[in-house]
Amino acid sequence: MPYRPPLIAHEYFVADPPELPVRSRGEDGLSALASAELVAVDEAGVILKATTSAEETLVACVGVAGEGVIRVRLGEDADARTRSARAITMVTPGAFAGARVETGDGTVTVDAGPLRAEITLSPWHLRFTDATGATLLEQDRGHVDISGRLRTLPFGRSTADGGVAGYHESFAAPADEAFTGFGESFTPLDKRGQRPVMWNFDAFGAESQRAYKNVPFYLSSRGYGVLVDSGMPVEFDVCQSTHSCVQIVVPDDLIDYYVLAGPTPPQILDRLDRLTCRPQLPPKWAFGTWISSGFFVDTQERVMNRARTIRERGIPCDVLHLDTYWQTDGHWSDLRWDETNFPDPAGMLADLKEMGFKVCLWMNPYVSHLSPAFAEAAAAGYFLKKADGEVYVADSWHGSYPECGIVDFTDPEAAEWFRGLLRPLLEQGVQVFKTDFAEGVPHDAVAANGMTGTELHNVYTLLFNDLVSEVTREVTGHGMVWARSSFLGGQRHAAQWSGDTYTSYPAMGSTLRGGLAHGLSGIPFWSHDAGGFTGRPTDDLYVRWTQFGALSPLLRLHGTTSREPWEFPEVEAEAVAALGLRYRLMPYIYTAAVEAARTGAPMMRALCVDHPDDPVAWQADLEYLLGRDLLVAPMTSPGGVRKVYLPAGEWVDHWTGETLTGGRHVTVSAPLERIPLFVRHGALIPVLADPGQTVGDGPFGEITLVGYGTETGTAVISDVDGDTTVTVDAAGIRVDGPARITGVDRAGTA
């Protein structure tokens, strides 16, 4: 009897990826690079004439793209580029003055300092080592079964249906190697045994491998990273079909990848930034609490009542987010105020500014066919089209909202039209936009620049967020967006949130896993909907998720129902206390943010970031370090008891002052008002003496240092007016910088 899948719901979406063509049975259409000969050599790399097992002639290039970075390309010519390059450049290779190339008898060595590529020309083989010659990774030599057929994809390409289906590469994977990254995948942190597909989905939650934000990059526990430069739906078979091999399929005009030396995750991420871009630091006020209107009809009166209630109840908050209903129902997202429900938006924005609030508006790049703006944009040709030239009206909301046109950002006139919709809102006083959706480009759409939907799909979000960020910076002076979708290089769009997660403890756990993976993909400024998005959380889940949010890089309370603390009267005090803890810790949090922007290391650090030699640290994915010194273990089940892995060293329980020895799991019981929180022994944590209700834009007020297991040491505090180094020893406190330090307290008083 044939296998039948379980009868469970399966989401189909207008923008699901096209199926890859299937080769005929056996190895027909499969070609492997068999041998190569030198065509050109310089101090930074080589160009090779490559012969395949199918007697094709291709061009291979191996060269230095920066210190500790080697680039490998294979295609029909040396100038081949990814198809997405017609819209945007995602990777810019650098140079390294110490690069060297050595040729020998049938061998070539390309030296990038901390990383070397060793090439054997015939038979072809490629190995990457560190500076000592120890192997970091090498091409898989091909798994051949008893029939003599290959069971892994070699370095080469495959053809199907008379054309090239894609290029591929395979790397041998030792049995104990762990892999992570690939963007915001909500699956276990170690992706071994998984098959991430680089295609931005409307994920319909945060509990699967469907991801809003994909990054074709991974890093390994063996101390290297791999980046694939392609906007196409690249597939990574991470030891799934063959447990000892990572296979990469690139359905593009070439395979173009970079190997990045470490050995630590922060060093790898620093090299990733050098190839793509540095993270954009959000404005200081963005690290305060964001409170949303929720996903139901809103009005100007309700917004003002919400603002007054927040201030009257002493709830720390810097940003009010107005979700979909600031616009007319049925017209989303035409970027026009609902004049009935918001009769005086300029006056409202001015009043909110006086109360210390910034305002964020929801929007997306789709325009409902019911909006008057649709006809205007369609007549001007501003939307993506079908092959016959008609506007592509897509079911971008999965049947829950009218079909939409998708703004074509490859058309300069369409982009300028869209800027013209945003600019007046910013000039009115709006500070930031939530850039929702952008995963919805159908694969069979056609763009103004000739790209197909498949070619545009992933990089569309970069064009969208670039535009919104640029016009926001033009008017407000900062370029922050609050984005749901992203792709390679998206760290320039601060910030990103995890999308429409379900309200449950397991969903909170999978959301956390997605944030850790995304941080290890180069995105340090990440958030999530505290309380969960879909449905109403139970009181205890609301508190536990708010605690998790309060100790995340950024914090927003948002959902389909209200997440306002007073709507949970039985636990309001516990939720507000979590916000208060965040505001007290703000000097520490902002310092961690500045470091992340400078280095590319995540704010929310998986344990492997600081403990890469600890195998458990690559598997522990329900806890993290916030910055370098705070170990946070959100309560991801309702029992109030969980196991926490403490890495090597000593850790101080923030709540009790007890010192615990690391390198082991401990069982922690946490009452509802406490999140499990530990501090690295010897840390000096800067906190605000009087946090207030807003973070604001200016420098911090008086700061106290809290010593955990020590009353001496050194701390660096970053602020908008510069860095301050504080040294505490027997002679007293020495302050070098503008921060106002009042003294040092012992742990237990924070």
# chains A, B, ... in the order shown; residues from 1 in each chain; ligands from 1
call {"tool": "residues_around", "arguments": {"residues": "Gly104 in chain A", "least_positions_apart": "6", "cutoff": "12 Å", "atoms": "only C-alpha atoms", "output": "PyMOL selection string"}}
result
chain A and resi 38+110+118-121
call {"tool": "select_by_dssp", "arguments": {"residues": "range 440-594 of chain A", "states": "strand (DSSP E)", "output": "list in words"}}
result
Trp482, Ala483, Gln496, Trp497, Trp526, Ser527, Asp529, Ala530, Leu555, Arg556 and Leu557 of chain A
call {"tool": "atom_distance", "arguments": {"atom1": "CA of Glu711 in chain A", "atom2": "CA of Ala747 in chain A"}}
result
9.3 Å
call {"tool": "atom_distance", "arguments": {"atom1": "CA of Thr714 in chain A", "atom2": "CA of Leu688 in chain A"}}
result
17.4 Å
call {"tool": "select_by_dssp", "arguments": {"residues": "range 518-580 of chain A", "states": "alpha helix (DSSP H)", "output": "list in words"}}
result
His518, Gly519, Asp539, Asp540, Leu541, Tyr542, Val543, Arg544, Trp545, Thr546, Gln547, Phe548, Gly549, Ala550, Glu572, Ala573, Glu574, Ala575, Val576, Ala577, Ala578, Leu579 and Gly580 of chain A
call {"tool": "residues_around", "arguments": {"residues": "Leu625 in chain A", "least_positions_apart": "5", "cutoff": "7 Å", "atoms": "only C-alpha atoms", "output": "PyMOL selection string"}}
result
chain A and resi 604-607+630-632
call {"tool": "residues_around", "arguments": {"residues": "Gly29 in chain A", "least_positions_apart": "4", "cutoff": "12 Å", "atoms": "only C-alpha atoms", "output": "list in words"}}
result
Pro21, Val22, Arg23, Ser24, Arg25, Thr52, Ser53, Ala54, Glu55, Glu56, Leu153, Gly156, Arg157, Ser158, Thr159, Ala160, Asp161, Gly162, Gly163, Val164, Ala165, Gly166 and Tyr167 of chain A
call {"tool": "write_last_selection", "arguments": {"atoms": "N, CA, C and O atoms", "output": "CSV table (one decimal), in the first residue's frame"}}
result
chain,number,residue,atom,x,y,z
A,21,PRO,N,13.2,21.6,-11.2
A,21,PRO,CA,13.1,20.5,-12.2
A,21,PRO,C,13.8,19.2,-11.7
A,21,PRO,O,14.7,19.3,-10.9
A,22,VAL,N,13.3,18.1,-12.2
A,22,VAL,CA,13.8,16.8,-11.7
A,22,VAL,C,14.6,16.1,-12.8
A,22,VAL,O,14.1,16.0,-14.0
A,23,ARG,N,15.8,15.8,-12.5
A,23,ARG,CA,16.7,15.1,-13.5
A,23,ARG,C,16.1,13.7,-13.8
A,23,ARG,O,15.3,13.1,-13.0
A,24,SER,N,16.4,13.2,-14.9
A,24,SER,CA,16.0,11.8,-15.2
A,24,SER,C,16.7,10.8,-14.3
A,24,SER,O,17.7,11.2,-13.6
A,25,ARG,N,16.3,9.6,-14.2
A,25,ARG,CA,16.8,8.6,-13.3
A,25,ARG,C,18.3,8.4,-13.6
A,25,ARG,O,18.8,8.6,-14.7
A,52,THR,N,34.3,18.9,-16.9
A,52,THR,CA,33.3,18.1,-16.0
A,52,THR,C,33.3,16.7,-16.5
A,52,THR,O,33.7,16.3,-17.6
A,53,SER,N,32.6,15.9,-15.7
A,53,SER,CA,32.4,14.4,-16.0
A,53,SER,C,31.5,14.3,-17.2
A,53,SER,O,31.5,13.2,-17.9
A,54,ALA,N,30.8,15.3,-17.6
A,54,ALA,CA,29.9,15.3,-18.8
A,54,ALA,C,30.6,15.9,-20.0
A,54,ALA,O,29.9,16.2,-21.0
A,55,GLU,N,31.9,16.1,-19.8
A,55,GLU,CA,32.7,16.7,-20.9
A,55,GLU,C,32.3,18.1,-21.3
A,55,GLU,O,32.5,18.6,-22.4
A,56,GLU,N,31.8,18.9,-20.3
A,56,GLU,CA,31.5,20.3,-20.4
A,56,GLU,C,32.8,21.1,-20.1
A,56,GLU,O,33.6,20.6,-19.3
A,153,LEU,N,25.5,15.2,-4.2
A,153,LEU,CA,25.7,16.1,-5.4
A,153,LEU,C,27.1,16.7,-5.4
A,153,LEU,O,27.6,17.3,-4.4
A,156,GLY,N,29.6,20.9,-9.2
A,156,GLY,CA,29.3,20.9,-10.6
A,156,GLY,C,27.9,21.4,-10.8
A,156,GLY,O,27.4,22.3,-10.1
A,157,ARG,N,27.2,20.8,-11.8
A,157,ARG,CA,25.8,21.3,-12.1
A,157,ARG,C,25.0,20.1,-12.6
A,157,ARG,O,25.5,19.1,-13.0
A,158,SER,N,23.7,20.4,-12.7
A,158,SER,CA,22.7,19.4,-13.2
A,158,SER,C,21.9,20.1,-14.3
A,158,SER,O,21.5,21.3,-14.2
A,159,THR,N,21.5,19.3,-15.3
A,159,THR,CA,20.6,19.8,-16.3
A,159,THR,C,19.3,18.9,-16.3
A,159,THR,O,19.3,17.8,-15.9
A,160,ALA,N,18.3,19.6,-16.7
A,160,ALA,CA,17.0,18.9,-16.8
A,160,ALA,C,16.1,19.7,-17.8
A,160,ALA,O,16.2,20.9,-17.9
A,161,ASP,N,15.3,18.9,-18.5
A,161,ASP,CA,14.4,19.6,-19.5
A,161,ASP,C,15.1,20.4,-20.4
A,161,ASP,O,14.6,21.5,-20.9
A,162,GLY,N,16.3,20.0,-20.8
A,162,GLY,CA,17.1,20.8,-21.8
A,162,GLY,C,17.8,22.0,-21.3
A,162,GLY,O,18.4,22.7,-22.1
A,163,GLY,N,17.8,22.3,-20.0
A,163,GLY,CA,18.5,23.5,-19.5
A,163,GLY,C,19.2,23.2,-18.2
A,163,GLY,O,19.0,22.1,-17.6
A,164,VAL,N,19.9,24.2,-17.7
A,164,VAL,CA,20.6,24.0,-16.5
A,164,VAL,C,19.6,24.2,-15.3
A,164,VAL,O,19.0,25.2,-15.2
A,165,ALA,N,19.5,23.2,-14.5
A,165,ALA,CA,18.6,23.3,-13.3
A,165,ALA,C,19.3,23.9,-12.2
A,165,ALA,O,18.6,24.6,-11.3
A,166,GLY,N,20.6,23.8,-12.0
A,166,GLY,CA,21.3,24.5,-10.9
A,166,GLY,C,22.7,24.0,-10.8
A,166,GLY,O,23.0,22.9,-11.3
A,167,TYR,N,23.4,24.7,-10.0
A,167,TYR,CA,24.8,24.3,-9.6
A,167,TYR,C,24.8,23.8,-8.2
A,167,TYR,O,23.8,24.0,-7.4
call {"tool": "residues_around", "arguments": {"residues": "Tyr502 in chain A", "least_positions_apart": "4", "cutoff": "6 Å", "atoms": "only C-alpha atoms", "output": "number ranges by chain"}}
result
A: 507, 532-534
call {"tool": "write_last_selection", "arguments": {"atoms": "N, CA and C atoms", "output": "tab-separated table (two decimals), in the first residue's frame"}}
result
chain	number	residue	atom	x	y	z
A	507	ALA	N	5.11	27.77	21.27
A	507	ALA	CA	5.38	28.79	20.25
A	507	ALA	C	6.38	29.82	20.76
A	532	GLY	N	2.66	36.63	22.35
A	532	GLY	CA	2.19	35.89	21.18
A	532	GLY	C	1.24	36.76	20.38
A	533	PHE	N	1.07	36.41	19.11
A	533	PHE	CA	0.25	37.23	18.21
A	533	PHE	C	-1.17	36.72	18.07
A	534	THR	N	-1.35	35.47	17.70
A	534	THR	CA	-2.67	34.95	17.33
A	534	THR	C	-3.39	34.40	18.56
call {"tool": "residues_around", "arguments": {"residues": "Met603 in chain A", "least_positions_apart": "5", "cutoff": "10 Å", "atoms": "only C-alpha atoms", "output": "PyMOL selection string"}}
result
chain A and resi 516+519+523-526+552-554+589-597+624-628
call {"tool": "residues_around", "arguments": {"residues": "Pro233 in chain A", "least_positions_apart": "3", "cutoff": "12 Å", "atoms": "only C-alpha atoms", "output": "number ranges by chain"}}
result
A: 16-20, 82-84, 165-166, 196-201, 214-216, 228-230, 236, 248-252, 443, 453-459, 487
call {"tool": "atom_distance", "arguments": {"atom1": "CA of Ser208 in chain A", "atom2": "CA of Asp613 in chain A"}}
result
28.2 Å
call {"tool": "closest_residue", "arguments": {"among": "A:Thr710, A:Ser293, A:Ser527, A:Ser400", "to": "Met508 in chain A", "atoms": "only C-alpha atoms"}}
result
A:Ser527
call {"tool": "closest_atom_pairs", "arguments": {"of": "range 374-456 of chain A", "to": "range 343-347 of chain A", "cutoff": "9 Å", "atoms": "only C-alpha atoms", "output": "CSV"}}
result
residue,atom,partner,partner_atom,distance
A:Leu425,CA,A:Ala346,CA,9.0
A:Gln428,CA,A:Ala346,CA,5.6
A:Gly429,CA,A:Ala346,CA,7.1
call {"tool": "write_last_selection", "arguments": {"atoms": "N, CA and C atoms", "output": "PDB file, in the first residue's frame"}}
result
ATOM      1  N   LEU A 425       3.616  61.538   5.916  1.00  0.00           N
ATOM      2  CA  LEU A 425       3.331  60.955   7.230  1.00  0.00           C
ATOM      3  C   LEU A 425       4.475  61.227   8.192  1.00  0.00           C
ATOM      4  N   GLN A 428       4.430  64.749   9.251  1.00  0.00           N
ATOM      5  CA  GLN A 428       3.382  65.001  10.244  1.00  0.00           C
ATOM      6  C   GLN A 428       3.864  64.714  11.662  1.00  0.00           C
ATOM      7  N   GLY A 429       4.842  63.813  11.789  1.00  0.00           N
ATOM      8  CA  GLY A 429       5.340  63.468  13.117  1.00  0.00           C
ATOM      9  C   GLY A 429       5.484  61.979  13.375  1.00  0.00           C
TER      10      GLY A 429
END
